[in-house]
Amino acid sequence: MSRSQALRKAGSWLGLGPFLCFAIAFMILPALSILTGSFMDKSGVFTLANFAHLAKPTILSSYRVTIELSAVTAAIGTILGALVSYAVVSGGLPKALRSFTITFSGVASNFAGVPLAFAFIATLGRTGLVTALAKTVFGFDLYGSGFSLYSFWGLSLTYVYFQMPLMILTIEPAIVGLRREWREASESLGASSGTFWLRVGLPILMPSLLAAFILLFGNAFGAYATAYALTGGMLNIVPILIGAQIRGDVLHDPNLGYALALGMVVVMFVAIFLYLRLQKLASRWQK
Amino acid sequence: MAFIELHDVRKSFGKTEVVKDLSLEVKKGEFLSFLGGSGCGKTTTLRMIAGFETPTSGSIFIDGEDMENVSPRRRKLGMVFQNYALFPNMDVSGNIEFGLRAKGVKGKAAKVRVAEMLELIGMEGYAQRYPRELSGGQQQRVALARAIAVEPEALLLDEPLSALDAKIRQRLRDDIRSIQKKLGMTMIYVTHDQEEALSISDRVAVMQGGRIEQLGAPSEIYDNPATAFVATFIGSLCSLRCEVADAAAGLLLVDGRILRAAAPLDAAPGEIYSLSLRPESITLSPSSAEDNILVGEVEAVKFLGSIVRLVVRSCGQAVFVDSFNDPRRSLPEPGEGVKLCFPPEACHLRPYRPAASVPATPEEISTSLGVWPILDVRG
Amino acid sequence: MRRADRIRESFSWLWFGFGMLYFFLPLVATFLFSLKGRKGILSFAAYGNVLADPQFLKTFLFSLEMAAFTIIVGLVLIVPTAIWIHLKLPKAKGLMEALSLMPFVIPPIVLAFGLIKTYSKPPFALVSSPALLVAGYVVVSFPYMYRTIDAGLRAIDLPLLTEAAQSLGARWTTVLFRVALPGMRPSILSAVFLCFATVIGELTLAVILAWPAFGPYMALVGRDLAYEPAALSIMSFALTWGSIGLMQFISNRSHARRVRRPRVP
């Protein structure tokens, strides 16, 4: 390459300069500082002790709960979202419903955090609408039978409110890509609807479904605001735990916090990696 | 013996009537094509036979059985789609096996049948390949094999070759025809390509606006178009306006010359008629004493590959003259005067009714025949 | 209609209905709850209380201000970069895609943590400056903003238009101001509304970095009062819905590609 060509090439990368500076300053550096911080103790000396602390029962249990929460809400969100998405895209419903659902999902998937928590308190809290309805109309005492909005399942139901629309949005292209002709070919070859789904439909959708599941998992894993608003920072999940380290609560140990944060980043990284791989696989079949 | 019958079938989507009053009988073992442009209702009709659409009114019988409320699954009709519709998550043998497994044929029996099919389509050795590794033509062959594997009563093909290159299309259509003949299978074929339809079908149904304009053998459709649409859709046709000089003797007056028709005309003297000629029936020198002769001037010489087309202006119209490309012969130049010679049998005559629009280009002129009533000039 | 189609359609209505129930029941419940401000009757008292609260206005204006800064900084960073990439550096698309995934890998809670650690000591002691909050907000909204603007650029096929313009003799300023930016207007507007909706409701960064933003205010209200949080929730939802609605309206009007709003990639 000639000198002027090389200069020009370097010059075009320079155009990215401002943005890259910003990205480095406010994304990469903070991330790196977490990484380094997790390997240091309070006085700045290299140590692996923080990771040893991660093995403490309370910490492990918090990871377990977070993983359970993420997996459960991702699974529910995946199944419900896929069904709703299929219903509006290929289910024979009026076309207007499809665009309405997509638009609404766009809003609902972001209706998280504080407003969502309040909405569910108003719905399923002790004096919530559904709780009251259950008692007056069905004679069923929700809280009496052990349910609480401020528990694992209560939080899960709340999470599903933004998981399901995210699923609807994410899986829609895959469902659109499920060609009508495949179904018709299967029918003309004498296969039942069940056979079609078992041997053609679900296998084709599986990479996208898995990818979306993993996306939803990551989404729930990193969520802080909703849990914070609903449980006031009381539920023992990893994001809350990290928040507690920063905010100087009882367990105030920033270095532990860094280790926790690093653990979270690793989980998210694996999630996004698997997601991208599965999406690539899915697109191969959509040819 | 009619194998598939359609009686007064109509189909509307909302307010649009896509298929109007269609009646048809398909014989067992015949190769029938639906030919027409987009929107003429041919694919909808095929899908109704398959069972993927329900007629708004009318009935469809297959092998004497009324197909109302019979799902596509139970109709025992194979279907081949324009975009192949191979299942991407299975390899070739998995695709071909699919229908067999659905019927309960498994294991050794299935494998044998798959091998048979692969041999039929000439793709032995491709069993483990996946659809994405195959070319379009190969995928369509597999789709064909998949549909045939379950021994359907008839095969429905929806523009199966439209997505392929010209050369592959030709090869594949001949292969489809030879497979059909070999198996004696009834095939209903939908296409917009007239060459395709004419070359491989036993009968062709030319469709337009939801109706069958003409149903007959390819040669019949070509030589005796029943309506203006069929005449213009199939091949090219040039028309000249002429006057009836002597109806009983079948004589017409054009451009000061007398032309002879093959049969007497049912017309009044002086009535204006439309004389249409296929480009390939015109020669530049008379081949017999009976030939009609007109004169004209060469406007253009078009080289179309195996055919050379002269555009000749005669009687105020543009006339196409097609001849085989023969390098030994010299062609007339633009501006040269030529003779147009054609036998009386080549004359297609209809009473003339003016078209709505004023033609501008030679092509438009030659295709604006006016409105033709459905008559058979040969009586 | 075929029986199989009829069955499928019934199931579709079932699931659609269920989905709508799940979405709307909490909203309806919240709305009804918010009307219970005064004992015994339905009234908008709770809304009145909220609006009368001086903290409401203070925090809302603060968040509004932060949103404005975020939008400006975000656009100034992203729009030229996106144009640059489309015109001169298509190879960097992969890099940008990777970078736009980072805010997912580094969730807001972790980002907040990292920002504090990195910027709490001189010479970059930004922790006490709202600039850090704005920077955090830009990072959080960057994926959506970038995707929207990138989609808008792809829709107008900027390289093609630029070539056409240049072959007609236009200078790069003309190309920028009369070809690129006008074509990007719907996507830029979409990005603005997306960013606005994100920042107004944001909680994590604001709480951790300890700023009096609207999100933390809502959380505080929720701790002490009963019906006012519901009112706030409805107002917040209406605001988001309104922003998205405006966004859709604008993008529909200009026939630009409809931009969906995924939370993550």
# chains A, B, ... in the order shown; residues from 1 in each chain; ligands from 1

$ residues_around --residues "B:Gly39" --least-positions-apart "2" --cutoff "8 Å" --atoms "only C-alpha atoms" --output "ChimeraX atom specification"
/B:18,37,41-42,208-210

$ interface_residues --of "chain B" --to "chain A" --cutoff "9 Å" --atoms "only C-alpha atoms" --output "PyMOL selection string"
chain B and resi 50-52+71-81+83-90+98-103+132+146-147+150+152

$ closest_residue --among "A:Lys95, A:Arg277, A:Arg247, A:Lys42" --to "chain C" --atoms "only C-alpha atoms"
A:Arg247

$ select_by_dssp --residues "stretch 38-247 of chain A" --states "alpha helix (DSSP H)" --output "ChimeraX atom specification"
/A:38,49-53,57-90,95-108,114-124,129-138,152-176,180-188,193-196,202-221,225-231,238-246

$ closest_atom_pairs --of "chain B" --to "chain C" --cutoff "8 Å" --atoms "only C-alpha atoms" --output "Markdown table"
| residue | atom | partner | partner_atom | distance |
| --- | --- | --- | --- | --- |
| B:Glu53 | CA | C:Arg2 | CA | 7.7 |
| B:Thr54 | CA | C:Met1 | CA | 6.4 |
| B:Asn69 | CA | C:Arg2 | CA | 7.2 |
| B:Ser71 | CA | C:Arg2 | CA | 7.6 |

$ closest_atom_pairs --of "stretch 166-265 of chain C" --to "stretch 75-81 of chain C" --cutoff "12 Å" --atoms "only C-alpha atoms" --output "Markdown table"
| residue | atom | partner | partner_atom | distance |
| --- | --- | --- | --- | --- |
| C:Leu176 | CA | C:Pro80 | CA | 9.7 |
| C:Phe177 | CA | C:Pro80 | CA | 11.8 |
| C:Ala180 | CA | C:Val79 | CA | 10.1 |
| C:Leu181 | CA | C:Val79 | CA | 9.0 |
| C:Met184 | CA | C:Val79 | CA | 9.1 |
| C:Arg185 | CA | C:Val79 | CA | 10.8 |
| C:Ser187 | CA | C:Val79 | CA | 10.2 |
| C:Ile188 | CA | C:Leu75 | CA | 7.9 |
| C:Leu189 | CA | C:Leu75 | CA | 10.2 |
| C:Ser190 | CA | C:Leu75 | CA | 11.5 |
| C:Ala191 | CA | C:Leu75 | CA | 8.4 |
| C:Val192 | CA | C:Leu75 | CA | 8.2 |
| C:Phe193 | CA | C:Leu75 | CA | 11.9 |
| C:Cys195 | CA | C:Leu75 | CA | 10.0 |

$ atom_distance --atom1 "atom CA of C:Asp53" --atom2 "atom CA of C:Met218"
11.8 Å

$ atom_distance --atom1 "atom CA of A:Lys56" --atom2 "atom CA of A:Ala261"
15.6 Å

$ closest_residue --among "A:Gly243, A:Gly44, A:Pro207, A:Gly11" --to "chain C" --atoms "only C-alpha atoms"
A:Gly243

$ residues_around --residues "B:Ala289" --least-positions-apart "5" --cutoff "12 Å" --atoms "only C-alpha atoms" --output "list in words"
Arg260, Cys341, Phe342, Pro343 and Pro344 of chain B

$ residues_around --residues "C:Pro130" --least-positions-apart "5" --cutoff "9 Å" --atoms "only C-alpha atoms" --output "short mmCIF file (atom, residue, chain, number, x, y, z; two decimals) with N, CA and C atoms, in the first residue's frame"
data_model
loop_
_atom_site.label_atom_id
_atom_site.label_comp_id
_atom_site.auth_asym_id
_atom_site.auth_seq_id
_atom_site.Cartn_x
_atom_site.Cartn_y
_atom_site.Cartn_z
N MET C 66 -31.54 16.64 32.23
CA MET C 66 -30.59 15.57 31.93
C MET C 66 -30.91 14.93 30.59
N ALA C 135 -23.21 11.22 30.96
CA ALA C 135 -22.38 10.24 30.24
C ALA C 135 -22.97 8.84 30.40
N TRP C 211 -28.46 11.18 42.43
CA TRP C 211 -28.93 12.44 41.89
C TRP C 211 -30.43 12.54 42.07
#

$ closest_residue --among "C:Ala131, C:Val28, C:Ala231, C:Val105" --to "chain A" --atoms "only C-alpha atoms"
C:Val105
